[in-house]
Amino acid sequence: MSVSVTYAARGRQENSWAARARALSHACFPLLVLFLFFFVFISNAHAEEAMTPDYDPWQRLMDTYLTEGTDGAPNLVDYAALKADPADRAALKAYIATLEKIDPKSLSRDDRFAFWANLYNAVTVDVVVDHIPVASIRDISISPGLFSKGPWGKKLVTVGGRELSLDDIEHAILRPDFKDARVHYAVNCASWSCPDLAPEPYRGATLDAALDAAARAYINSPRGVRFEDGKLVLSSIFDWYQEDFGGSEAGVLAHIRKYADDALAARLEDVSHVSSYDYDWSLNGLASPENRK
């Protein structure tokens with residue numbers, strides 16, 4: 001009899017524990033669901049944040065080291081001062097490393113264009129700073145090949161597991177993928193005759209307006225288009241990449257007229273031939289005018 005009572009008491013106790021466990025699980029279930037929801041939300045937020053390029057570090061560097069040009073001069077970069085500041089040197093390299101983690105395929109078309117243009121410009125500034133003092137970026141002979149000049153052929157960054165050179169970014173990605181002649185106004189080759197290094201990073205939301213502004217600024221400067229003794233002289237960019245500007249001299253002229261201001265448009269009215277092309281490879285450094293070559 002006592003044994004039966006003991007087993008009965010134990011059974012009631014186990015039933016009581018089971019009931020408490022069920023009650024506890026029912027009480028905790030909403031908290032568990034809430035926790036899982038919060039975890040997924042935070043994870044997605046971090047993933048989205050990780051896939052959105054942060055260009056603020058570049059903006060700060062441009063605010064500090066870029067001086068906007070006047071009277072036809074290009075925007076100038078104080079490469080020497082940037083090299084002399086260890087914290088900002090590290091910030092530039094960290095910025096590039098952050099961009100290397102982005103998956104461009106996850107971005108919209110305009111954001112992708114902005115991403116590649118911004119990466120190109122940052123890497124160009126970085127490689128110049130690494131090798132300053134130089135009179136021209138072409139003096140940075142780190143590209144493979146016996147007769148290669150400049151840094152453009154060297155693999156300098158890795159994006160999506162792919163090692164890339166500056167040439168790869170411009171000629172294997174930007175030009176063929178976007179087929180937009182304005183890419184030549186967006187990427188900067190650190191030279192006097194190059195279109196300006198933009199004082200602000202490119203962003204997808206304002207890309208079209210920014211590219212138009214860059215085209216107008218260059219075409220209406222003597223570095224892009226000018227007359228000498230009544231003859232039309234263009235930047236060599238319009239010669240080297242004629243295929244991107246309509247594929248002919250007439251196409252180049254039509255492109256230029258599209259962005260010319262009233263004064264230049266009036267001078268171009270009766271022009272049907274380009275007399276010559278010219279390009280100054282002097283560094284667009286803050287102290288470069290007296291060292292131009």
# chains A, B, ... in the order shown; residues from 1 in each chain; ligands from 1
$ residues_around --residues "Trp152 of chain A" --least-positions-apart "4" --cutoff "12 Å" --atoms "only C-alpha atoms" --output "ChimeraX atom specification"
/A:120-121,123-124,127-128,137-145,148,156-157,164-171,188-190
$ residues_around --residues "Leu82 of chain A" --least-positions-apart "3" --cutoff "9 Å" --atoms "only C-alpha atoms" --output "PyMOL selection string"
chain A and resi 61+64-65+77-79+85-86+88-89+129
$ residues_around --residues "segment 274-283 of chain A" --least-positions-apart "6" --cutoff "7 Å" --atoms "only C-alpha atoms" --output "PyMOL selection string"
chain A and resi 135-137+190-193+231-236+292-293
$ write_last_selection --atoms "N, CA and C atoms" --output "CSV table (one decimal), in the first residue's frame"
chain,number,residue,atom,x,y,z
A,135,ALA,N,56.9,64.1,-60.7
A,135,ALA,CA,56.4,65.2,-61.5
A,135,ALA,C,55.2,64.8,-62.3
A,136,SER,N,55.0,63.5,-62.5
A,136,SER,CA,53.9,63.0,-63.3
A,136,SER,C,53.5,61.6,-62.9
A,137,ILE,N,52.3,61.2,-63.0
A,137,ILE,CA,51.8,59.9,-62.6
A,137,ILE,C,52.5,58.9,-63.5
A,190,ALA,N,45.1,62.0,-62.3
A,190,ALA,CA,46.0,62.7,-61.5
A,190,ALA,C,46.9,63.6,-62.4
A,191,SER,N,46.4,64.1,-63.5
A,191,SER,CA,47.2,64.9,-64.4
A,191,SER,C,46.5,66.3,-64.7
A,192,TRP,N,47.4,67.2,-65.1
A,192,TRP,CA,46.9,68.6,-65.3
A,192,TRP,C,45.8,68.6,-66.4
A,193,SER,N,45.9,67.9,-67.5
A,193,SER,CA,44.9,67.9,-68.6
A,193,SER,C,43.7,67.0,-68.3
A,231,LYS,N,42.4,78.1,-84.5
A,231,LYS,CA,42.3,76.6,-84.8
A,231,LYS,C,41.9,75.9,-83.5
A,232,LEU,N,41.0,74.8,-83.8
A,232,LEU,CA,40.5,74.1,-82.6
A,232,LEU,C,41.5,73.1,-82.1
A,233,VAL,N,41.8,73.1,-80.8
A,233,VAL,CA,42.7,72.2,-80.2
A,233,VAL,C,41.9,71.5,-79.1
A,234,LEU,N,41.9,70.1,-79.1
A,234,LEU,CA,41.1,69.4,-78.1
A,234,LEU,C,42.0,68.6,-77.3
A,235,SER,N,41.6,68.2,-76.1
A,235,SER,CA,42.3,67.2,-75.3
A,235,SER,C,42.4,65.9,-76.0
A,236,SER,N,43.6,65.3,-75.8
A,236,SER,CA,43.8,64.0,-76.5
A,236,SER,C,42.8,62.9,-76.0
A,292,ARG,N,55.5,71.7,-64.2
A,292,ARG,CA,54.8,71.1,-65.3
A,292,ARG,C,55.8,70.7,-66.5
A,293,LYS,N,55.4,69.6,-67.1
A,293,LYS,CA,56.3,69.2,-68.3
A,293,LYS,C,55.4,68.6,-69.4
$ residues_around --residues "Phe113 of chain A" --least-positions-apart "4" --cutoff "12 Å" --atoms "only C-alpha atoms" --output "number ranges by chain"
A: 104-105, 107-109, 117-120, 169-170, 173-180, 182-183, 186-187, 201-208, 210-211
$ select_by_dssp --residues "segment 54-155 of chain A" --states "strand (DSSP E or B)" --output "list of chain:residue names"
A:Leu66, A:Thr67, A:Leu76, A:Val77, A:Ser136, A:Lys155
$ select_by_dssp --residues "segment 86-264 of chain A" --states "helix (DSSP H, G or I)" --output "VMD selection string"
chain A and resid 86 to 100 104 to 106 109 to 131 137 to 139 166 to 178 183 to 186 204 to 219 237 to 240 242 to 245 249 to 259 262 to 264
